[in-house]
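Q: Hey, dropping final_31.cif in here, mmCIF, C-alpha atoms and all ligand atoms:
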data_work
#
loop_
_atom_site.label_atom_id
_atom_site.label_comp_id
_atom_site.auth_asym_id
_atom_site.auth_seq_id
_atom_site.Cartn_x
_atom_site.Cartn_y
_atom_site.Cartn_z
CA MET A 28 -106.58 -8.46 -3.78
CA GLY A 29 -109.76 -10.48 -4.44
CA SER A 30 -112.82 -10.96 -2.25
CA GLU A 31 -111.46 -14.25 -0.93
CA CYS A 32 -108.56 -12.45 0.67
CA ILE A 33 -110.83 -9.89 2.31
CA GLU A 34 -113.04 -12.66 3.72
CA CYS A 35 -109.96 -14.39 4.90
CA THR A 36 -108.75 -11.18 6.52
CA ILE A 37 -112.08 -10.58 8.25
CA SER A 38 -112.14 -14.10 9.65
CA LYS A 39 -108.61 -13.63 10.93
CA ILE A 40 -109.66 -10.39 12.60
CA LYS A 41 -112.64 -12.15 14.21
CA MET A 42 -110.26 -14.76 15.55
CA ASN A 43 -107.98 -12.05 16.84
CA LEU A 44 -110.89 -10.26 18.49
CA ASN A 45 -111.68 -13.43 20.40
CA LYS A 46 -108.09 -13.76 21.51
CA PHE A 47 -107.85 -10.18 22.57
CA LYS A 48 -111.13 -10.35 24.48
CA GLN A 49 -109.77 -13.27 26.41
CA ALA A 50 -106.47 -11.57 26.98
CA GLY A 51 -108.09 -8.27 27.83
CA ARG A 52 -105.93 -6.31 25.39
CA SER A 53 -108.16 -3.34 24.99
CA VAL A 54 -105.73 -1.13 23.04
CA ILE A 55 -105.11 -3.63 20.27
CA PHE A 56 -108.83 -4.46 20.33
CA ALA A 57 -109.54 -0.87 19.37
CA ILE A 58 -107.02 -1.09 16.52
CA CYS A 59 -108.75 -4.16 15.15
CA LEU A 60 -112.16 -2.47 15.27
CA SER A 61 -110.66 0.31 13.20
CA VAL A 62 -109.31 -2.26 10.75
CA SER A 63 -112.83 -3.59 10.19
CA ALA A 64 -114.03 -0.06 9.54
CA GLN A 65 -111.20 0.56 7.07
CA ILE A 66 -111.83 -2.65 5.16
CA SER A 67 -115.44 -1.68 4.74
CA ILE A 68 -114.40 1.41 2.80
CA GLY A 69 -111.77 -0.48 0.80
CA GLN A 70 -108.59 0.99 2.33
CA GLU A 71 -106.24 -1.18 4.22
CA ILE A 72 -102.67 -1.22 5.38
CA ASP A 73 -101.43 -4.80 5.52
CA ILE A 74 -98.26 -4.02 7.44
CA LEU A 75 -97.27 -0.80 9.17
CA LEU A 76 -93.65 -0.49 10.27
CA LYS A 77 -93.50 2.13 13.02
CA ASN A 78 -90.65 4.32 14.19
CA GLY A 79 -87.77 2.85 12.18
CA HIS A 80 -84.91 4.80 10.65
CA VAL A 81 -85.85 4.71 6.96
CA ILE A 82 -82.97 4.71 4.47
CA ASP A 83 -84.17 5.26 0.91
CA ALA A 84 -81.39 6.82 -1.14
CA LYS A 85 -83.44 7.13 -4.33
CA ASN A 86 -85.89 9.39 -2.51
CA LYS A 87 -83.19 11.05 -0.39
CA ILE A 88 -84.73 9.84 2.85
CA SER A 89 -82.72 9.11 5.95
CA ALA A 90 -84.99 9.79 8.89
CA LYS A 91 -87.31 8.33 11.48
CA MET A 92 -90.44 7.44 9.55
CA ASP A 93 -93.20 4.87 9.22
CA VAL A 94 -93.68 2.62 6.21
CA ALA A 95 -97.14 1.39 5.19
CA VAL A 96 -97.45 -1.67 2.94
CA SER A 97 -100.62 -2.54 1.09
CA ASN A 98 -101.35 -5.22 -1.45
CA GLY A 99 -97.68 -6.05 -1.98
CA LYS A 100 -96.69 -2.44 -2.66
CA ILE A 101 -95.31 0.50 -0.73
CA MET A 102 -98.40 2.54 0.14
CA LYS A 103 -96.81 5.40 2.04
CA VAL A 104 -93.60 6.49 3.76
CA ALA A 105 -94.17 9.33 6.22
CA ALA A 106 -93.80 10.37 9.83
CA ASN A 107 -96.53 9.29 12.23
CA ILE A 108 -98.82 7.25 9.99
CA PRO A 109 -101.88 6.48 12.18
CA VAL A 110 -102.14 2.86 13.31
CA ALA A 111 -105.89 2.93 12.78
CA GLY A 112 -106.54 0.94 9.64
CA ALA A 113 -103.45 -1.22 9.88
CA LYS A 114 -103.92 -4.98 10.00
CA LYS A 115 -100.47 -5.51 11.45
CA VAL A 116 -98.41 -2.92 13.29
CA VAL A 117 -94.75 -3.70 13.93
CA ASP A 118 -92.63 -1.49 16.16
CA VAL A 119 -89.16 -1.25 14.59
CA SER A 120 -87.78 1.48 16.85
CA GLY A 121 -84.00 1.59 16.83
CA MET A 122 -83.74 -0.37 13.57
CA TYR A 123 -82.98 0.59 10.00
CA VAL A 124 -85.74 0.12 7.44
CA SER A 125 -84.15 -0.33 4.03
CA PRO A 126 -85.32 -1.39 0.61
CA GLY A 127 -84.70 -5.16 0.36
CA LEU A 128 -80.99 -5.77 -0.20
CA ILE A 129 -79.76 -6.75 -3.67
CA ASP A 130 -76.90 -9.23 -3.94
CA ILE A 131 -75.42 -8.61 -7.37
CA HIS A 132 -73.06 -11.61 -7.39
CA THR A 133 -74.47 -15.05 -6.61
CA HIS A 134 -74.60 -18.55 -8.07
CA VAL A 135 -78.08 -20.02 -7.76
CA PHE A 136 -78.36 -22.24 -10.85
CA THR A 137 -77.21 -25.82 -10.43
CA GLY A 138 -76.91 -26.25 -14.18
CA PRO A 139 -78.68 -28.55 -16.60
CA ASN A 140 -76.47 -31.37 -15.38
CA PRO A 141 -76.36 -31.01 -11.60
CA GLY A 142 -73.03 -32.10 -10.20
CA PHE A 143 -71.19 -31.07 -13.34
CA GLY A 144 -69.10 -27.93 -13.66
CA HIS A 145 -69.26 -24.77 -11.60
CA GLY A 146 -73.04 -24.88 -11.24
CA SER A 147 -72.51 -27.80 -8.90
CA SER A 148 -71.52 -25.35 -6.17
CA SER A 149 -74.62 -23.19 -6.59
CA VAL A 150 -77.04 -22.76 -3.72
CA LYS A 151 -80.81 -22.42 -3.51
CA ALA A 152 -81.50 -18.70 -3.25
CA ASP A 153 -84.40 -18.76 -0.78
CA ASP A 154 -82.36 -20.75 1.73
CA PHE A 155 -79.81 -17.95 2.10
CA THR A 156 -81.42 -14.66 1.09
CA PHE A 157 -84.24 -13.61 3.41
CA ARG A 158 -82.28 -14.35 6.58
CA ALA A 159 -79.77 -11.77 5.34
CA GLY A 160 -82.29 -9.09 4.31
CA ILE A 161 -81.87 -9.92 0.61
CA THR A 162 -84.90 -9.86 -1.68
CA THR A 163 -83.15 -9.85 -5.08
CA VAL A 164 -80.12 -11.77 -6.32
CA VAL A 165 -78.24 -11.66 -9.59
CA ASP A 166 -76.77 -14.93 -10.78
CA ALA A 167 -73.31 -14.28 -12.19
CA GLY A 168 -73.25 -16.12 -15.46
CA THR A 169 -73.83 -19.62 -14.23
CA SER A 170 -75.96 -19.90 -17.36
CA GLY A 171 -75.21 -19.00 -20.97
CA TYR A 172 -77.76 -18.66 -23.73
CA LYS A 173 -77.98 -22.44 -24.17
CA THR A 174 -78.87 -23.05 -20.54
CA PHE A 175 -80.77 -19.88 -19.62
CA PRO A 176 -84.25 -21.24 -20.54
CA VAL A 177 -83.70 -24.17 -18.14
CA PHE A 178 -82.48 -21.77 -15.46
CA LYS A 179 -85.59 -19.65 -15.94
CA GLU A 180 -87.96 -22.57 -15.79
CA GLN A 181 -86.28 -24.46 -12.94
CA ILE A 182 -85.11 -21.67 -10.68
CA ILE A 183 -86.16 -18.13 -11.60
CA ASP A 184 -89.86 -18.93 -11.94
CA ARG A 185 -89.91 -21.05 -8.79
CA SER A 186 -88.00 -18.87 -6.34
CA ARG A 187 -89.63 -16.52 -3.91
CA THR A 188 -86.47 -14.42 -4.07
CA ARG A 189 -86.38 -12.29 -7.22
CA VAL A 190 -83.68 -13.95 -9.34
CA LEU A 191 -82.00 -11.92 -12.10
CA ALA A 192 -78.96 -12.88 -14.14
CA TYR A 193 -75.92 -11.80 -16.07
CA LEU A 194 -75.85 -14.00 -19.14
CA ASN A 195 -72.51 -15.74 -19.56
CA ALA A 196 -71.03 -14.78 -22.92
CA PHE A 197 -69.91 -18.41 -23.17
CA ALA A 198 -72.90 -20.28 -24.61
CA PRO A 199 -73.11 -23.18 -22.12
CA GLY A 200 -72.47 -21.01 -19.06
CA MET A 201 -70.04 -22.00 -16.33
CA VAL A 202 -68.83 -25.51 -17.03
CA GLY A 203 -65.88 -25.56 -14.71
CA THR A 204 -63.04 -25.14 -17.14
CA ALA A 205 -60.50 -22.36 -17.00
CA ALA A 206 -61.06 -21.52 -20.63
CA GLU A 207 -64.74 -20.75 -20.92
CA GLN A 208 -64.32 -17.97 -23.44
CA GLU A 209 -61.29 -19.25 -25.28
CA ASP A 210 -63.26 -20.37 -28.26
CA MET A 211 -64.99 -17.53 -30.12
CA GLN A 212 -67.27 -20.14 -31.67
CA ALA A 213 -68.67 -20.86 -28.23
CA LEU A 214 -69.75 -17.26 -27.79
CA GLU A 215 -72.41 -17.23 -30.52
CA ILE A 216 -73.06 -13.56 -29.88
CA GLU A 217 -76.17 -13.29 -32.05
CA LYS A 218 -77.93 -16.05 -30.15
CA ALA A 219 -76.88 -14.56 -26.82
CA ASP A 220 -78.21 -11.20 -28.00
CA ALA A 221 -81.56 -12.73 -28.92
CA THR A 222 -81.73 -14.36 -25.48
CA ILE A 223 -81.09 -11.04 -23.72
CA LYS A 224 -83.86 -9.40 -25.73
CA LYS A 225 -86.28 -12.27 -25.14
CA TYR A 226 -85.68 -12.29 -21.39
CA ALA A 227 -85.11 -8.56 -20.97
CA ASP A 228 -86.84 -8.47 -17.56
CA HIS A 229 -84.48 -11.05 -16.13
CA ILE A 230 -81.11 -10.58 -17.80
CA VAL A 231 -79.43 -7.47 -16.42
CA GLY A 232 -75.92 -7.80 -17.85
CA VAL A 233 -73.32 -9.95 -19.58
CA LYS A 234 -70.62 -11.84 -17.76
CA ILE A 235 -67.15 -12.56 -19.01
CA GLY A 236 -65.70 -15.21 -16.75
CA HIS A 237 -62.91 -17.61 -16.13
CA TYR A 238 -60.58 -17.16 -19.00
CA SER A 239 -57.14 -18.38 -19.92
CA GLY A 240 -56.74 -17.10 -23.45
CA LYS A 241 -54.59 -14.20 -24.61
CA ASP A 242 -56.94 -12.94 -27.28
CA TRP A 243 -59.04 -9.89 -26.37
CA LYS A 244 -61.71 -10.66 -28.96
CA PRO A 245 -64.00 -12.66 -26.64
CA PHE A 246 -63.70 -10.05 -23.89
CA ASP A 247 -64.46 -7.21 -26.27
CA ALA A 248 -67.30 -9.13 -27.94
CA ALA A 249 -68.90 -9.69 -24.55
CA ALA A 250 -68.49 -5.99 -23.73
CA SER A 251 -70.09 -4.96 -27.03
CA LEU A 252 -72.97 -7.37 -26.44
CA ALA A 253 -73.60 -5.85 -23.00
CA HIS A 254 -73.30 -2.23 -24.15
CA ALA A 255 -75.49 -2.72 -27.23
CA ASN A 256 -78.20 -3.83 -24.81
CA ASN A 257 -77.56 -0.93 -22.39
CA ARG A 258 -76.33 -3.32 -19.77
CA PRO A 259 -73.10 -3.61 -17.76
CA LEU A 260 -70.33 -6.05 -18.50
CA PHE A 261 -69.70 -8.07 -15.34
CA VAL A 262 -66.02 -9.01 -15.22
CA GLU A 263 -65.09 -12.06 -13.17
CA CYS A 264 -61.73 -12.70 -14.82
CA HIS A 265 -59.50 -13.67 -11.96
CA ILE A 266 -58.12 -16.74 -13.69
CA THR A 267 -56.55 -14.91 -16.58
CA GLU A 268 -53.40 -13.91 -18.34
CA PHE A 269 -54.71 -10.37 -18.80
CA SER A 270 -53.33 -7.75 -16.48
CA LEU A 271 -55.78 -5.93 -14.25
CA GLU A 272 -54.83 -2.65 -15.89
CA ASP A 273 -55.59 -4.03 -19.35
CA GLN A 274 -58.94 -5.40 -18.16
CA LEU A 275 -59.93 -2.04 -16.71
CA ASN A 276 -58.87 -0.35 -19.95
CA HIS A 277 -61.19 -2.63 -21.89
CA MET A 278 -64.14 -1.71 -19.63
CA LYS A 279 -66.45 1.30 -19.79
CA ALA A 280 -68.26 3.43 -17.23
CA GLY A 281 -70.97 1.35 -15.58
CA ASP A 282 -69.17 -1.96 -16.12
CA ILE A 283 -68.56 -3.96 -12.95
CA LEU A 284 -65.33 -5.54 -11.71
CA THR A 285 -65.93 -8.24 -9.12
CA HIS A 286 -63.49 -9.99 -6.76
CA SER A 287 -62.12 -6.48 -6.39
CA TYR A 288 -60.27 -7.21 -3.13
CA GLU A 289 -58.74 -10.52 -4.19
CA ASN A 290 -55.12 -11.37 -3.53
CA VAL A 291 -54.40 -14.89 -4.74
CA SER A 292 -55.29 -15.14 -8.40
CA GLU A 293 -53.21 -14.64 -11.48
CA ARG A 294 -54.73 -11.19 -11.65
CA MET A 295 -52.76 -8.39 -10.04
CA PRO A 296 -54.22 -7.21 -6.70
CA ILE A 297 -55.52 -3.62 -6.58
CA VAL A 298 -53.18 -2.71 -3.71
CA ASP A 299 -49.42 -2.83 -4.29
CA ASP A 300 -46.80 -4.34 -1.97
CA ASN A 301 -46.56 -1.07 -0.05
CA GLY A 302 -50.26 -1.00 0.71
CA ILE A 303 -51.03 1.70 -1.85
CA VAL A 304 -54.02 1.41 -4.20
CA ARG A 305 -52.57 1.34 -7.71
CA PRO A 306 -53.16 4.68 -9.47
CA PHE A 307 -54.73 3.08 -12.55
CA VAL A 308 -57.37 1.52 -10.27
CA LEU A 309 -58.30 4.93 -8.89
CA ASP A 310 -58.39 6.25 -12.46
CA ALA A 311 -60.83 3.45 -13.37
CA ARG A 312 -63.07 4.45 -10.46
CA LYS A 313 -63.01 8.06 -11.72
CA LYS A 314 -63.91 6.77 -15.17
CA GLY A 315 -67.07 5.25 -13.66
CA ILE A 316 -66.13 1.57 -13.44
CA LEU A 317 -67.88 -0.04 -10.47
CA PHE A 318 -66.08 -2.17 -7.89
CA ASP A 319 -68.03 -5.11 -6.45
CA VAL A 320 -66.71 -7.13 -3.51
CA GLY A 321 -67.51 -10.60 -4.87
CA HIS A 322 -66.24 -12.16 -1.65
CA GLY A 323 -66.74 -15.84 -2.47
CA GLY A 324 -64.21 -18.33 -1.19
CA VAL A 325 -61.06 -16.52 -2.30
CA GLY A 326 -62.15 -13.04 -3.37
CA PHE A 327 -61.80 -10.98 -0.19
CA TRP A 328 -58.65 -10.12 1.74
CA PHE A 329 -58.25 -7.58 4.52
CA ASN A 330 -54.81 -6.62 3.17
CA GLN A 331 -56.66 -5.33 0.09
CA ALA A 332 -59.91 -4.11 1.63
CA VAL A 333 -58.59 -2.15 4.65
CA PRO A 334 -56.13 0.09 2.74
CA SER A 335 -58.64 0.46 -0.10
CA VAL A 336 -61.33 1.85 2.21
CA LYS A 337 -58.79 4.18 3.85
CA GLN A 338 -57.68 5.44 0.44
CA GLY A 339 -61.19 6.07 -0.86
CA LEU A 340 -61.90 2.89 -2.78
CA SER A 341 -64.91 1.59 -0.85
CA PRO A 342 -66.92 -0.98 -2.78
CA ASP A 343 -69.85 0.25 -4.87
CA THR A 344 -71.73 -2.98 -4.19
CA PHE A 345 -71.51 -5.88 -1.75
CA GLY A 346 -71.92 -8.87 -4.04
CA THR A 347 -71.27 -12.00 -2.02
CA ASP A 348 -70.37 -14.58 -4.67
CA MET A 349 -72.72 -16.83 -2.75
CA HIS A 350 -72.05 -20.53 -3.33
CA HIS A 351 -71.62 -23.70 -1.28
CA ASN A 352 -68.12 -22.88 -0.14
CA SER A 353 -68.47 -19.18 0.57
CA VAL A 354 -71.59 -19.49 2.74
CA ASN A 355 -69.68 -21.86 5.01
CA SER A 356 -66.38 -19.97 5.18
CA GLY A 357 -65.37 -16.34 5.70
CA MET A 358 -68.16 -14.81 3.62
CA LYS A 359 -71.18 -16.43 5.38
CA ASP A 360 -73.84 -13.97 4.19
CA MET A 361 -74.24 -10.48 2.78
CA LEU A 362 -74.80 -8.82 6.16
CA ASN A 363 -71.67 -10.47 7.55
CA LEU A 364 -69.77 -9.11 4.55
CA MET A 365 -71.30 -5.65 5.07
CA SER A 366 -70.38 -5.89 8.76
CA LYS A 367 -66.71 -6.22 7.82
CA TYR A 368 -66.90 -2.82 6.17
CA LEU A 369 -68.83 -1.41 9.15
CA ASN A 370 -65.89 -2.38 11.34
CA MET A 371 -63.41 -0.99 8.82
CA GLY A 372 -64.93 2.44 9.36
CA MET A 373 -67.66 2.83 6.73
CA GLN A 374 -70.89 4.32 8.04
CA ALA A 375 -73.90 2.01 8.43
CA GLU A 376 -76.13 4.27 6.37
CA ASP A 377 -73.64 4.45 3.51
CA ILE A 378 -73.26 0.66 3.47
CA ILE A 379 -77.01 0.07 3.44
CA GLN A 380 -77.50 2.58 0.62
CA ARG A 381 -74.88 0.84 -1.52
CA ALA A 382 -76.44 -2.56 -0.78
CA SER A 383 -79.89 -1.43 -1.90
CA TRP A 384 -80.24 1.58 -4.21
CA GLY A 385 -76.55 1.40 -5.19
CA SER A 386 -76.97 -2.20 -6.30
CA ALA A 387 -80.20 -1.44 -8.17
CA SER A 388 -78.43 1.40 -9.98
CA ALA A 389 -75.47 -0.82 -10.89
CA ILE A 390 -77.79 -3.25 -12.67
CA LYS A 391 -79.87 -0.36 -14.10
CA ARG A 392 -83.05 -1.44 -12.33
CA ALA A 393 -84.48 1.82 -11.00
CA ASP A 394 -87.70 -0.04 -10.13
CA LEU A 395 -85.83 -1.87 -7.35
CA GLY A 396 -83.89 -0.81 -4.27
CA ASN A 397 -86.25 1.99 -3.24
CA LEU A 398 -89.37 2.65 -1.17
CA SER A 399 -91.24 4.93 -3.57
CA GLU A 400 -95.01 4.85 -3.32
CA GLY A 401 -96.26 2.09 -5.60
CA ALA A 402 -92.90 0.26 -5.68
CA VAL A 403 -92.88 -3.42 -4.86
CA ALA A 404 -92.77 -3.83 -1.07
CA ASP A 405 -89.36 -5.47 -0.72
CA ILE A 406 -88.04 -4.36 2.66
CA ALA A 407 -85.20 -5.25 5.02
CA VAL A 408 -85.41 -4.31 8.70
CA ILE A 409 -81.85 -4.30 9.95
CA ASN A 410 -80.43 -4.13 13.46
CA VAL A 411 -76.90 -3.14 14.36
CA LEU A 412 -75.76 -5.35 17.21
CA GLU A 413 -73.02 -4.22 19.58
CA GLY A 414 -70.64 -6.70 21.18
CA LYS A 415 -67.49 -8.65 20.45
CA PHE A 416 -67.36 -10.14 16.97
CA GLY A 417 -64.77 -11.67 14.67
CA PHE A 418 -64.64 -11.68 10.87
CA LEU A 419 -62.55 -13.92 8.62
CA ASP A 420 -61.13 -13.17 5.20
CA ALA A 421 -60.22 -15.67 2.48
CA GLY A 422 -56.75 -16.13 3.94
CA GLY A 423 -58.10 -17.07 7.35
CA PHE A 424 -57.04 -13.72 8.82
CA LYS A 425 -59.34 -12.28 11.45
CA LEU A 426 -60.62 -8.76 12.03
CA GLU A 427 -62.14 -8.10 15.42
CA GLY A 428 -65.09 -5.76 15.59
CA ASP A 429 -67.75 -4.42 17.92
CA LYS A 430 -70.67 -4.01 15.51
CA LYS A 431 -72.64 -6.40 13.38
CA PHE A 432 -75.62 -6.12 11.05
CA GLN A 433 -78.50 -8.50 11.63
CA ALA A 434 -81.68 -8.98 9.60
CA GLU A 435 -84.56 -8.59 12.01
CA MET A 436 -87.31 -8.85 9.40
CA THR A 437 -87.51 -9.23 5.63
CA ILE A 438 -90.57 -8.49 3.52
CA ARG A 439 -90.79 -9.70 -0.08
CA ALA A 440 -93.61 -8.28 -2.22
CA GLY A 441 -95.57 -7.35 0.89
CA ARG A 442 -95.20 -10.69 2.61
CA ILE A 443 -93.15 -11.26 5.75
CA VAL A 444 -90.64 -13.93 4.75
CA TRP A 445 -88.25 -13.62 7.71
CA ASP A 446 -88.90 -12.53 11.28
CA LEU A 447 -85.94 -13.39 13.49
CA ASN A 448 -87.45 -12.55 16.86
CA GLY A 449 -91.13 -12.72 16.06
CA ILE A 450 -91.62 -8.96 16.23
CA SER A 451 -94.63 -9.26 13.91
CA GLY A 452 -96.30 -11.94 16.03
CA VAL A 453 -99.15 -11.67 18.54
CA PRO A 454 -97.71 -12.29 22.01
CA TRP A 455 -98.56 -15.77 23.20
CA SER A 456 -100.30 -16.17 26.51
CA LYS A 457 -101.56 -19.23 28.32
CA ASP A 458 -104.98 -17.59 28.35
CA LEU A 459 -105.15 -17.64 24.55
CA LYS A 460 -107.04 -20.53 23.03
ZN ZN B 1 -68.92 -15.83 -9.01
#
Show this structure as structure tokens.
A:
Amino acid sequence: MGSECIECTISKIKMNLNKFKQAGRSVIFAICLSVSAQISIGQEIDILLKNGHVIDAKNKISAKMDVAVSNGKIMKVAANIPVAGAKKVVDVSGMYVSPGLIDIHTHVFTGPNPGFGHGSSSVKADDFTFRAGITTVVDAGTSGYKTFPVFKEQIIDRSRTRVLAYLNAFAPGMVGTAAEQEDMQALEIEKADATIKKYADHIVGVKIGHYSGKDWKPFDAAASLAHANNRPLFVECHITEFSLEDQLNHMKAGDILTHSYENVSERMPIVDDNGIVRPFVLDARKKGILFDVGHGGVGFWFNQAVPSVKQGLSPDTFGTDMHHNSVNSGMKDMLNLMSKYLNMGMQAEDIIQRASWGSASAIKRADLGNLSEGAVADIAVINVLEGKFGFLDAGGFKLEGDKKFQAEMTIRAGRIVWDLNGISGVPWSKDLK
């Protein structure tokens, strides 16, 4: 933080002092005096979240604690951090304080030719992320190596949300055909490999996508490309002639199957006609293959999800498959999707862990999804509402529930980017000028 920011901070404090004098708020007045003292010796907490239930699976924390943020980073997580020295104190009693959520299946690149192909249904990340507690998204192969530089320049570098990507093995990315990977020529593995290495901070995996061929070569080439770069293969093959069992057999531990609870594609559903999770699916889980929800418009059905949870196949991650259609239909947002699982019997803490540290682990980004000291201050403050709610699946079937997650506040790199009820604000009064 440069001197400009400190001057700016001091002038804000002076303004606040005036307001508090007028309002006669002596307690907060004392806090602000302490802030001035702290700034003078170079220590400052920008935001102090008090009394929340901190969930930080990486650091094995699930307890009532405070979180101090300074200069965009996590400064400290501990019980009873003194408010003296904090520029902003926010009481988050009764709420969960989680690392910012990570949505590992989104579509946020409109493509080099907007309106053409699958990229035409992409959304702008910032419009849908913070309001759902999300601070990082992974674009699922909307771009291939030919289009990734445009994606980086147009979207990744200009979004406040952290945007990562699985590179589509198909060179142009998603172009809206059912045969993206049919042509081995269009894979150009060496060029894709060079792109992954060049953009190693942004490309976290390789996607094999919509596919109508019968040849395993493209699938296996994409898998080899991912594994050679120590990254997962992200499998979104629901339009395919491959059986689900064969797909899982061609995947390795750490690879990710999405649209796991789908019921309408050519691909076999994971639950059989008697409501039993197919044994080879459970074997794949034991082998270490990860199951992402990938809700989207058609990828989530209660007749798959409910028996799966009961039989021990809860999702590893809550990828939304966020795009124009899904945000306006049954999916809505990541917290709504997570709420479905809350009402299916999963524990809130377990769900939040999978949506943060679990997601970071799936994409092998141990720097994300945690609240370690010095980590980037990406934080979601989440409420669990109680009441009467309804949740839709892709078939239009409804599950009634009595609990729902809600993002109360989202912090991205130390900055409050969402505050639903103004809990970080100074109370307005007619006496304030
Ligand atoms: Zn998708």
Q: Do a neighbour search on A:Met371 at 9 Å with only C-alpha atoms, toss out local chain neighbours closer than 5 positions, and write the hits as a ChimeraX atom specification.
A: /A:332-333,336-337,366,426,428
Q: As an exercise, work out the distance from atom CA of A:Pro306 to atom CA of A:Phe261 in Å and give it to one decimal place.
A: 21.7 Å
Q: Considering all atoms listed in the file, state which residue in the set A:Asp93, A:Asp343, A:Asp319, A:Asp242 is at the smallest distance from A:Ile379.
A: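 Distance minimum relative to A:Ile379 lands on A:Asp343.
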Q: Calculated over all atoms listed in the file, which of the candidates A:Leu75, A:Leu364, A:Ile88, A:Leu194 has the smallest distance to A:Tyr172?
A: A:Leu194
Q: Using all atoms listed in the file, which residues sit within 12 Å of A:Tyr368 once same-chain residues fewer than 3 positions away are excluded, as a ChimeraX atom specification?
A: /A:320,327-329,332-337,340-345,361-365,371-379,381-382,418,420,426-432
Q: Select the residues contacting ligand ZN 1 (chain B) at a distance of at most 9 Å, based on all atoms listed in the file, then format the selection as a ChimeraX atom specification.
A: /A:132-134,166-169,236,263,285-286,321-323,347-350
Q: For atom CA of A:Phe246 and atom CA of A:Ile216, determine how far apart the two atoms are, in Å to one decimal place.
A: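 Separation of atom CA of A:Phe246 and atom CA of A:Ile216: 11.7 Å.
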Q: Out of A:Lys425, A:Arg258, A:Arg305, A:Lys457, which residue has the shortest atom-to-atom distance to A:Ala389 when counting all atoms listed in the file?
A: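 Closest residue, counting all atoms listed in the file: A:Arg258.
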Q: Just the residues within 9 Å of A:Gly171, please, counting all atoms listed in the file, with nothing from its chain fewer than 6 positions along; format it as JSON, numbers by chain.
A: {"A": [193, 194, 195, 196, 197, 198, 199, 200, 201, 214, 219]}
Q: What separation in Å, quoted to one decimal, exists between atom CA of A:Gly79 and atom CA of A:Pro126?
A: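 Distance between the two atoms: 12.6 Å.
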Q: Taking all atoms listed in the file into account, name the residue in A:Val110, A:Ala213, A:Asp220, A:Val354 that is nearest to A:Ser149.
A: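 With all atoms listed in the file as the atom set, the closest residue is A:Val354.
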Q: Using all atoms listed in the file, which of the listed residues (A:Thr222, A:Ser399, A:Gln274, A:Ser353) sits closest to A:Ala192?
A: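 Smallest distance to A:Ala192 is found for A:Thr222.
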Q: Would you list the contacts of A:Ala402 as a list in words, taking every protein, DNA or RNA residue within 9 Å and counting only C-alpha atoms, but skipping same-chain residues closer than 3 positions in sequence?
A: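 Contacts, with the query itself left out: Gly99, Lys100, Ile101, Met102, Asp394, Leu395, Asn397, Leu398, Ser399 and Asp405 of chain A.
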Q: Nearest to A:Ala84 among A:Val453, A:Ala393, A:Val177, A:Met436, with distances taken over all atoms listed in the file: which residue is it?
A: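 Of A:Val453, A:Ala393, A:Val177, A:Met436, the one nearest A:Ala84, counting all atoms listed in the file, is A:Ala393.
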Q: As JSON, please report the centre and edge lengths, rounded to one decimal in Å, of the axis-aligned box that holds all listed atoms of stretch 298-305 of chain A with 8 Å of padding on each of the six sides.
A:
{"center_x": -50.3, "center_y": -1.3, "center_z": -3.5, "size_x": 23.5, "size_y": 22.0, "size_z": 24.4}
Q: Write out as a PyMOL selection string each polymer residue whose atoms come within 7 Å of A:Ile283, counting only C-alpha atoms; drop sequence neighbours fewer than 2 positions from it.
A: chain A and resi 259-262+281+285+316-319
Q: Using only C-alpha atoms, please write the residues we just selected to a file, as an mmCIF file, in the coordinates of the input.
A:
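result.cif, freshly written:
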data_model
loop_
_atom_site.group_PDB
_atom_site.id
_atom_site.type_symbol
_atom_site.label_atom_id
_atom_site.label_comp_id
_atom_site.auth_asym_id
_atom_site.auth_seq_id
_atom_site.Cartn_x
_atom_site.Cartn_y
_atom_site.Cartn_z
ATOM 1 C CA PRO A 259 -73.100 -3.610 -17.760
ATOM 2 C CA LEU A 260 -70.330 -6.050 -18.500
ATOM 3 C CA PHE A 261 -69.700 -8.070 -15.340
ATOM 4 C CA VAL A 262 -66.020 -9.010 -15.220
ATOM 5 C CA GLY A 281 -70.970 1.350 -15.580
ATOM 6 C CA THR A 285 -65.930 -8.240 -9.120
ATOM 7 C CA ILE A 316 -66.130 1.570 -13.440
ATOM 8 C CA LEU A 317 -67.880 -0.040 -10.470
ATOM 9 C CA PHE A 318 -66.080 -2.170 -7.890
ATOM 10 C CA ASP A 319 -68.030 -5.110 -6.450
#
Q: Using all atoms listed in the file - which residues lie no farther than 12 Å from the point (-88.1, -4.2, -5.4) in the file's frame? Write them as number ranges by chain.
A: A: 99-101, 125-129, 161-164, 188-191, 383-384, 386-387, 392-407, 438-441
